[in-house]
$ cat query-v8.cif   # mmCIF, C-alpha atoms, pLDDT in the B column; chains and numbers go by the auth columns
data_query
loop_
_atom_site.group_PDB
_atom_site.id
_atom_site.type_symbol
_atom_site.label_atom_id
_atom_site.label_comp_id
_atom_site.label_asym_id
_atom_site.label_seq_id
_atom_site.Cartn_x
_atom_site.Cartn_y
_atom_site.Cartn_z
_atom_site.B_iso_or_equiv
_atom_site.auth_seq_id
_atom_site.auth_asym_id
ATOM 1 C CA GLN A 1 83.319 79.979 99.142 78.00 1 A
ATOM 2 C CA MET A 2 84.223 82.677 96.657 85.00 2 A
ATOM 3 C CA GLN A 3 86.002 82.469 93.331 91.00 3 A
ATOM 4 C CA LEU A 4 87.987 85.387 91.949 94.00 4 A
ATOM 5 C CA ILE A 5 89.129 85.654 88.360 95.00 5 A
ATOM 6 C CA GLU A 6 91.424 88.460 87.236 96.00 6 A
ATOM 7 C CA SER A 7 91.815 89.718 83.695 97.00 7 A
ATOM 8 C CA GLY A 8 93.176 92.715 81.850 97.00 8 A
ATOM 9 C CA GLY A 9 96.893 92.285 82.322 97.00 9 A
ATOM 10 C CA GLY A 10 99.355 92.633 79.496 97.00 10 A
ATOM 11 C CA LEU A 11 102.368 94.435 78.111 98.00 11 A
ATOM 12 C CA VAL A 12 102.341 98.224 77.988 98.00 12 A
ATOM 13 C CA GLN A 13 104.907 100.960 77.519 98.00 13 A
ATOM 14 C CA ALA A 14 105.866 103.275 80.337 98.00 14 A
ATOM 15 C CA GLY A 15 103.329 106.052 80.654 98.00 15 A
ATOM 16 C CA GLY A 16 100.543 103.865 79.348 98.00 16 A
ATOM 17 C CA SER A 17 97.392 102.550 81.016 98.00 17 A
ATOM 18 C CA LEU A 18 95.728 99.241 81.786 98.00 18 A
ATOM 19 C CA ARG A 19 92.508 98.311 83.536 98.00 19 A
ATOM 20 C CA LEU A 20 92.431 95.122 85.558 98.00 20 A
ATOM 21 C CA SER A 21 89.167 93.381 86.354 98.00 21 A
ATOM 22 C CA CYS A 22 88.348 90.911 89.092 95.00 22 A
ATOM 23 C CA ALA A 23 85.123 88.979 88.686 93.00 23 A
ATOM 24 C CA ALA A 24 83.765 87.415 91.865 90.00 24 A
ATOM 25 C CA SER A 25 81.328 84.560 92.153 86.00 25 A
ATOM 26 C CA GLY A 26 80.023 82.172 94.725 76.00 26 A
ATOM 27 C CA ARG A 27 78.994 84.490 97.566 67.00 27 A
ATOM 28 C CA THR A 28 77.413 87.858 98.186 64.00 28 A
ATOM 29 C CA PHE A 29 79.820 90.377 96.875 61.00 29 A
ATOM 30 C CA SER A 30 78.476 93.687 98.052 64.00 30 A
ATOM 31 C CA THR A 31 79.735 93.696 101.648 64.00 31 A
ATOM 32 C CA TYR A 32 83.229 92.305 101.125 79.00 32 A
ATOM 33 C CA THR A 33 86.419 94.266 101.312 90.00 33 A
ATOM 34 C CA MET A 34 88.244 93.742 98.030 92.00 34 A
ATOM 35 C CA ALA A 35 91.880 94.449 97.349 96.00 35 A
ATOM 36 C CA TRP A 36 94.629 94.258 94.805 98.00 36 A
ATOM 37 C CA PHE A 37 98.099 93.000 95.646 98.00 37 A
ATOM 38 C CA ARG A 38 101.104 92.544 93.415 98.00 38 A
ATOM 39 C CA GLN A 39 104.264 90.494 93.438 98.00 39 A
ATOM 40 C CA ALA A 40 107.322 91.366 91.408 97.00 40 A
ATOM 41 C CA PRO A 41 110.032 88.785 90.688 93.00 41 A
ATOM 42 C CA GLY A 42 112.169 88.192 93.742 95.00 42 A
ATOM 43 C CA LYS A 43 109.971 90.347 95.962 96.00 43 A
ATOM 44 C CA GLU A 44 107.249 89.745 98.490 97.00 44 A
ATOM 45 C CA ARG A 45 103.618 90.264 97.651 97.00 45 A
ATOM 46 C CA GLU A 46 102.548 93.810 98.504 98.00 46 A
ATOM 47 C CA PHE A 47 99.305 95.661 98.971 98.00 47 A
ATOM 48 C CA VAL A 48 98.347 97.967 96.116 98.00 48 A
ATOM 49 C CA SER A 49 94.804 99.134 96.760 98.00 49 A
ATOM 50 C CA GLY A 50 91.636 98.209 98.622 96.00 50 A
ATOM 51 C CA LEU A 51 87.953 98.981 98.451 94.00 51 A
ATOM 52 C CA SER A 52 85.686 98.681 101.461 90.00 52 A
ATOM 53 C CA ARG A 53 82.100 98.253 100.415 76.00 53 A
ATOM 54 C CA GLY A 54 80.971 99.439 103.830 68.00 54 A
ATOM 55 C CA GLY A 55 81.727 103.141 103.296 67.00 55 A
ATOM 56 C CA PRO A 56 82.656 102.869 100.643 81.00 56 A
ATOM 57 C CA ALA A 57 86.260 103.673 101.391 91.00 57 A
ATOM 58 C CA THR A 58 89.469 103.212 99.456 95.00 58 A
ATOM 59 C CA LYS A 59 93.127 102.854 100.340 96.00 59 A
ATOM 60 C CA TYR A 60 96.227 103.004 98.178 98.00 60 A
ATOM 61 C CA ALA A 61 99.878 102.204 98.584 98.00 61 A
ATOM 62 C CA ASP A 62 102.002 105.344 98.457 98.00 62 A
ATOM 63 C CA SER A 63 103.710 104.070 95.327 98.00 63 A
ATOM 64 C CA VAL A 64 100.477 104.139 93.304 98.00 64 A
ATOM 65 C CA LYS A 65 98.587 107.092 94.779 98.00 65 A
ATOM 66 C CA GLY A 66 97.431 109.487 92.113 98.00 66 A
ATOM 67 C CA ARG A 67 98.025 106.926 89.350 98.00 67 A
ATOM 68 C CA PHE A 68 95.778 103.960 90.219 98.00 68 A
ATOM 69 C CA THR A 69 92.054 103.972 90.955 98.00 69 A
ATOM 70 C CA ILE A 70 90.044 101.120 92.443 97.00 70 A
ATOM 71 C CA SER A 71 86.311 100.826 91.860 94.00 71 A
ATOM 72 C CA GLY A 72 83.562 98.268 92.083 91.00 72 A
ATOM 73 C CA ASP A 73 80.362 97.336 90.277 88.00 73 A
ATOM 74 C CA ASN A 74 77.947 95.442 92.505 83.00 74 A
ATOM 75 C CA ALA A 75 75.666 94.524 89.629 84.00 75 A
ATOM 76 C CA LYS A 76 78.544 92.794 87.866 87.00 76 A
ATOM 77 C CA ASN A 77 80.265 91.487 91.015 87.00 77 A
ATOM 78 C CA THR A 78 83.443 92.992 89.650 91.00 78 A
ATOM 79 C CA VAL A 79 86.243 95.124 91.043 93.00 79 A
ATOM 80 C CA TYR A 80 88.473 97.160 88.778 96.00 80 A
ATOM 81 C CA LEU A 81 91.922 98.649 89.057 98.00 81 A
ATOM 82 C CA GLN A 82 92.533 101.459 86.604 98.00 82 A
ATOM 83 C CA MET A 83 96.271 101.936 86.251 98.00 83 A
ATOM 84 C CA ASN A 84 97.555 105.105 84.586 98.00 84 A
ATOM 85 C CA SER A 85 101.033 106.540 84.109 98.00 85 A
ATOM 86 C CA LEU A 86 102.497 103.075 84.440 98.00 86 A
ATOM 87 C CA LYS A 87 106.164 102.696 85.310 98.00 87 A
ATOM 88 C CA PRO A 88 108.556 99.787 84.788 97.00 88 A
ATOM 89 C CA GLU A 89 108.539 99.253 88.556 97.00 89 A
ATOM 90 C CA ASP A 90 104.822 98.454 88.348 98.00 90 A
ATOM 91 C CA THR A 91 105.732 95.232 86.558 98.00 91 A
ATOM 92 C CA ALA A 92 104.379 92.338 88.608 98.00 92 A
ATOM 93 C CA VAL A 93 101.731 89.679 88.864 98.00 93 A
ATOM 94 C CA TYR A 94 98.606 91.369 90.179 98.00 94 A
ATOM 95 C CA TYR A 95 96.262 89.464 92.466 98.00 95 A
ATOM 96 C CA CYS A 96 92.718 90.174 93.496 97.00 96 A
ATOM 97 C CA ALA A 97 91.738 89.304 97.074 96.00 97 A
ATOM 98 C CA ALA A 98 88.599 89.320 99.199 93.00 98 A
ATOM 99 C CA ASP A 99 88.079 89.571 102.945 90.00 99 A
ATOM 100 C CA LYS A 100 85.111 87.406 103.880 84.00 100 A
ATOM 101 C CA TYR A 101 84.294 89.380 107.007 83.00 101 A
ATOM 102 C CA TYR A 102 82.464 92.657 106.990 79.00 102 A
ATOM 103 C CA ARG A 103 84.693 95.306 108.602 82.00 103 A
ATOM 104 C CA GLY A 104 82.957 98.527 107.722 82.00 104 A
ATOM 105 C CA THR A 105 85.437 101.014 106.317 85.00 105 A
ATOM 106 C CA ASN A 106 88.545 99.230 107.574 88.00 106 A
ATOM 107 C CA ILE A 107 90.821 98.031 104.805 93.00 107 A
ATOM 108 C CA GLY A 108 93.584 95.626 105.703 94.00 108 A
ATOM 109 C CA THR A 109 96.914 95.834 103.924 96.00 109 A
ATOM 110 C CA GLY A 110 98.343 92.482 104.923 96.00 110 A
ATOM 111 C CA GLU A 111 97.901 89.222 103.070 96.00 111 A
ATOM 112 C CA TYR A 112 96.549 87.676 106.271 95.00 112 A
ATOM 113 C CA ASN A 113 93.555 90.031 106.102 95.00 113 A
ATOM 114 C CA TYR A 114 92.218 88.249 103.025 95.00 114 A
ATOM 115 C CA ASP A 115 90.612 84.877 102.659 93.00 115 A
ATOM 116 C CA TYR A 116 90.108 84.432 98.939 93.00 116 A
ATOM 117 C CA TRP A 117 92.599 84.988 96.158 96.00 117 A
ATOM 118 C CA GLY A 118 92.582 84.964 92.386 96.00 118 A
ATOM 119 C CA GLN A 119 95.188 83.258 90.241 96.00 119 A
ATOM 120 C CA GLY A 120 96.866 86.517 89.225 97.00 120 A
ATOM 121 C CA THR A 121 97.366 88.419 85.999 98.00 121 A
ATOM 122 C CA GLN A 122 100.737 89.552 84.636 98.00 122 A
ATOM 123 C CA VAL A 123 101.397 93.236 84.067 98.00 123 A
ATOM 124 C CA THR A 124 104.600 94.146 82.273 98.00 124 A
ATOM 125 C CA VAL A 125 105.645 97.754 81.739 98.00 125 A
ATOM 126 C CA SER A 126 108.470 98.337 79.294 97.00 126 A
ATOM 127 C CA SER A 127 110.755 101.353 79.476 94.00 127 A
#
$ encode --input "query-v8.cif" --output "structure tokens"
Amino acid sequence: QMQLIESGGGLVQAGGSLRLSCAASGRTFSTYTMAWFRQAPGKEREFVSGLSRGGPATKYADSVKGRFTISGDNAKNTVYLQMNSLKPEDTAVYYCAADKYYRGTNIGTGEYNYDYWGQGTQVTVSS
């Protein structure tokens, strides 16, 4: 079993930055694929970014490429999402997720690819 706890959300003006953190506990962290998803009001949850510890390799949704950066710290069992140049359309609840199977450099973008989820952290970007 793995527990994921997100933090770092908040209210920011358009053009600003936030860094989300996801602290993992309960199982070996270093070989998991970790990802960030988000869900805006009235919309389905969508993939934002993923980090495969096997490569390492990263993947980003087109909507955040060049603005968001995912990274991990094995010593702290923590994954980060640095979000720059935020836009009002980035407003959502952001969720951290972990795939319990080792898949090398493959990074799934569907919710079904992930076995563990955090409780979410709210990000609100004002215009």
$ resolve_selection --input "query-v8.cif" --expression "the PyMOL selection byres ((chain A and resi 124) around 12)" --output "ChimeraX atom specification"
/A:8-14,16-18,38-41,86-94,121-123,125-127
$ closest_residue --input "query-v8.cif" --among "A:Asn106, A:Thr58, A:Thr78, A:Ser85" --to "Leu4 (chain A)" --atoms "all atoms listed in the file"
A:Thr78
$ resolve_selection --input "query-v8.cif" --expression "the PyMOL selection byres ((chain A and resi 21) around 7)" --output "PDB file with C-alpha atoms, keeping the file's coordinate frame"
ATOM      1  CA  GLU A   6      91.424  88.460  87.236  1.00 96.00           C
ATOM      2  CA  SER A   7      91.815  89.718  83.695  1.00 97.00           C
ATOM      3  CA  GLY A   8      93.176  92.715  81.850  1.00 97.00           C
ATOM      4  CA  ARG A  19      92.508  98.311  83.536  1.00 98.00           C
ATOM      5  CA  LEU A  20      92.431  95.122  85.558  1.00 98.00           C
ATOM      6  CA  CYS A  22      88.348  90.911  89.092  1.00 95.00           C
ATOM      7  CA  ALA A  23      85.123  88.979  88.686  1.00 93.00           C
ATOM      8  CA  THR A  78      83.443  92.992  89.650  1.00 91.00           C
ATOM      9  CA  VAL A  79      86.243  95.124  91.043  1.00 93.00           C
ATOM     10  CA  TYR A  80      88.473  97.160  88.778  1.00 96.00           C
ATOM     11  CA  LEU A  81      91.922  98.649  89.057  1.00 98.00           C
TER      12      LEU A  81
END
$ residues_near_point --input "query-v8.cif" --point "(78.7, 98.9, 94.5)" --cutoff "8 Å" --atoms "only C-alpha atoms" --output "list in words"
Ser30, Arg53, Gly72, Asp73, Asn74 and Ala75 of chain A
$ atom_distance --input "query-v8.cif" --atom1 "CA of Asp115 (chain A)" --atom2 "CA of Lys43 (chain A)"
21.2 Å
$ resolve_selection --input "query-v8.cif" --expression "the PyMOL selection byres ((chain A and resi 47) around 6)" --output "ChimeraX atom specification"
/A:37,46,48,109
$ atom_distance --input "query-v8.cif" --atom1 "CA of Tyr112 (chain A)" --atom2 "CA of Ala24 (chain A)"
19.3 Å
$ closest_residue --input "query-v8.cif" --among "A:Gly15, A:Gly26, A:Gly42, A:Gly110" --to "Ala61 (chain A)" --atoms "all atoms listed in the file"
A:Gly110
$ atom_distance --input "query-v8.cif" --atom1 "CA of Tyr114 (chain A)" --atom2 "CA of Thr69 (chain A)"
19.8 Å
$ build_atoms --input "query-v8.cif" --residues "region 30-45 of chain A" --atoms "N, CA, C and O atoms" --output "compact mmCIF listing (two decimals), in the coordinates of the input"
# COMPACT_ATOMS: atom_id res chain seq x y z
N SER A 30 78.60 92.26 97.76
CA SER A 30 78.48 93.69 98.05
C SER A 30 79.06 94.13 99.38
O SER A 30 79.38 95.29 99.54
N THR A 31 79.23 93.24 100.35
CA THR A 31 79.74 93.70 101.65
C THR A 31 81.17 93.28 101.90
O THR A 31 81.70 93.48 102.99
N TYR A 32 81.85 92.73 100.93
CA TYR A 32 83.23 92.30 101.12
C TYR A 32 84.19 93.47 100.93
O TYR A 32 83.94 94.37 100.14
N THR A 33 85.31 93.40 101.64
CA THR A 33 86.42 94.27 101.31
C THR A 33 87.24 93.57 100.23
O THR A 33 87.61 92.41 100.38
N MET A 34 87.48 94.29 99.15
CA MET A 34 88.24 93.74 98.03
C MET A 34 89.56 94.49 97.92
O MET A 34 89.63 95.68 98.22
N ALA A 35 90.57 93.81 97.45
CA ALA A 35 91.88 94.45 97.35
C ALA A 35 92.67 93.90 96.17
O ALA A 35 92.38 92.82 95.66
N TRP A 36 93.64 94.67 95.79
CA TRP A 36 94.63 94.26 94.80
C TRP A 36 96.00 94.22 95.47
O TRP A 36 96.37 95.18 96.17
N PHE A 37 96.71 93.14 95.24
CA PHE A 37 98.10 93.00 95.65
C PHE A 37 98.92 92.76 94.39
O PHE A 37 98.39 92.44 93.33
N ARG A 38 100.23 92.88 94.54
CA ARG A 38 101.10 92.54 93.42
C ARG A 38 102.39 91.93 93.94
O ARG A 38 102.81 92.18 95.07
N GLN A 39 102.99 91.13 93.08
CA GLN A 39 104.26 90.49 93.44
C GLN A 39 105.19 90.55 92.25
O GLN A 39 104.91 89.96 91.19
N ALA A 40 106.29 91.27 92.43
CA ALA A 40 107.32 91.37 91.41
C ALA A 40 108.32 90.23 91.61
O ALA A 40 108.45 89.69 92.71
N PRO A 41 109.05 89.87 90.56
CA PRO A 41 110.03 88.78 90.69
C PRO A 41 111.03 89.06 91.80
O PRO A 41 111.61 90.15 91.89
N GLY A 42 111.21 88.07 92.67
CA GLY A 42 112.17 88.19 93.74
C GLY A 42 111.73 89.04 94.92
O GLY A 42 112.51 89.28 95.84
N LYS A 43 110.48 89.49 94.89
CA LYS A 43 109.97 90.35 95.96
C LYS A 43 108.74 89.72 96.61
O LYS A 43 108.11 88.84 96.05
N GLU A 44 108.44 90.21 97.80
CA GLU A 44 107.25 89.74 98.49
C GLU A 44 105.99 90.38 97.88
O GLU A 44 106.05 91.45 97.28
N ARG A 45 104.88 89.71 98.10
CA ARG A 45 103.62 90.26 97.65
C ARG A 45 103.30 91.51 98.48
O ARG A 45 103.48 91.52 99.70
